[in-house]
Amino acid sequence: MRRFPLVLFFLLLTAGASSLYAHCEIPCGIYGDSLRFELIREHVLTVEKSMREIEAIGKSKKPDLHQLVRWVDNKEEHARLIQDIVSQYFLHQRIKPIAEGEPGRELYVRKLELMHRILVSAMKCKQGTDLQDAARIREDLHCFEDLYWEEHGHAH
């Protein structure tokens with residue numbers, strides 16, 4: 001009976017573990033920009049692999065529907081993670097608004113356009129299996145990364 005509080009503590013601790021990985025929205029400076037770019041690239045690769053697997057299962061004479069559902073779920077989850085990083089990390093925290101007529105406004109607007117395009121492409125990845133949608137994320141991410149490092153003084 002003495003173990004109950006300890007067991008309860010660990011159950012409560014692990015129950016919230018799924019939300020612990022996410023970046024809090026406190027400007028702590030701990031999380032690295034380079035890692036966010038790498039994570040997005042890894043999620044794109046996972047989305048592409050999932051799309052290929054979905055297509056392959058769909059073409060088989062006796063499709064394994066269990067595996068099909070798992071690959072669809074995987075594709076959707078990684079597309080959502082791309083959206084989370086773009087929105088919660090870059091748009092909420094790293095891209096600072098610049099007023100009309102202020103220096104840097106054009107760069108700011110261009111970065112917003114690229115982030116929006118990545119969000120829309122990730123949404124399209126959820127909707128289908130067109131590998132071009134994932135390729136567009138990669139292309140737009142590369143353009144955004146160039147602009148981002150140009151402003152933040154970090155070569156990649």
# chains A, B, ... in the order shown; residues from 1 in each chain; ligands from 1
>>> residues_around(residues="His43 (chain A)", least_positions_apart="2", cutoff="9 Å", atoms="only C-alpha atoms", output="VMD selection string")
chain A and resid 38 to 41 45 to 48 75 78 to 79 81 to 82
>>> write_last_selection(atoms="C-alpha atoms", output="PDB file, in the first residue's frame")
ATOM      1  CA  GLU A  38      16.659  19.361 -39.597  1.00  0.00           C
ATOM      2  CA  LEU A  39      13.444  18.165 -37.980  1.00  0.00           C
ATOM      3  CA  ILE A  40      11.344  19.584 -40.802  1.00  0.00           C
ATOM      4  CA  ARG A  41      13.576  17.870 -43.373  1.00  0.00           C
ATOM      5  CA  LEU A  45      11.375  12.380 -45.715  1.00  0.00           C
ATOM      6  CA  THR A  46       8.950  10.474 -43.510  1.00  0.00           C
ATOM      7  CA  VAL A  47       5.955  11.929 -45.357  1.00  0.00           C
ATOM      8  CA  GLU A  48       7.503  10.910 -48.688  1.00  0.00           C
ATOM      9  CA  LYS A  75       1.960  10.575 -43.097  1.00  0.00           C
ATOM     10  CA  HIS A  78       4.527  14.002 -39.742  1.00  0.00           C
ATOM     11  CA  ALA A  79       2.786  16.576 -41.949  1.00  0.00           C
ATOM     12  CA  LEU A  81       4.566  18.079 -37.054  1.00  0.00           C
ATOM     13  CA  ILE A  82       5.889  20.184 -39.938  1.00  0.00           C
TER      14      ILE A  82
END
>>> residues_around(residues="Asp84 (chain A)", least_positions_apart="5", cutoff="12 Å", atoms="only C-alpha atoms", output="list in words")
Ala22, His23, Cys24, Glu25, Arg36, Leu39, Ile40, His43, Glu77, His78, Ala79, Tyr89, Phe90, Leu91, His92, Met115, Ile118, Leu119, Ala122 and Met123 of chain A
>>> select_by_dssp(residues="region 34-136 of chain A", states="alpha helix (DSSP H)", output="NGL selection string")
:A and (34-59 or 65-84 or 105-127 or 131-136)
>>> residues_around(residues="Leu131 (chain A)", least_positions_apart="5", cutoff="12 Å", atoms="only C-alpha atoms", output="list of chain:residue names")
A:Val44, A:Leu45, A:Thr46, A:Val47, A:Glu48, A:Lys49, A:Ser50, A:Met51, A:Arg52, A:Glu53, A:Ile54, A:Glu55, A:Lys75, A:Ser121, A:Ala122, A:Lys124, A:Cys125, A:Lys126, A:Arg136, A:Ile137, A:Arg138
>>> atom_distance(atom1="CA of Arg70 (chain A)", atom2="CA of His142 (chain A)")
29.3 Å
>>> closest_residue(among="A:Ala134, A:Arg80, A:Leu147, A:Arg94", to="Lys111 (chain A)", atoms="only C-alpha atoms")
A:Leu147
>>> closest_residue(among="A:Glu106, A:Val72, A:Ser87, A:Lys96", to="Val120 (chain A)", atoms="only C-alpha atoms")
A:Ser87
>>> atom_distance(atom1="CA of Phe37 (chain A)", atom2="CA of Val109 (chain A)")
19.5 Å
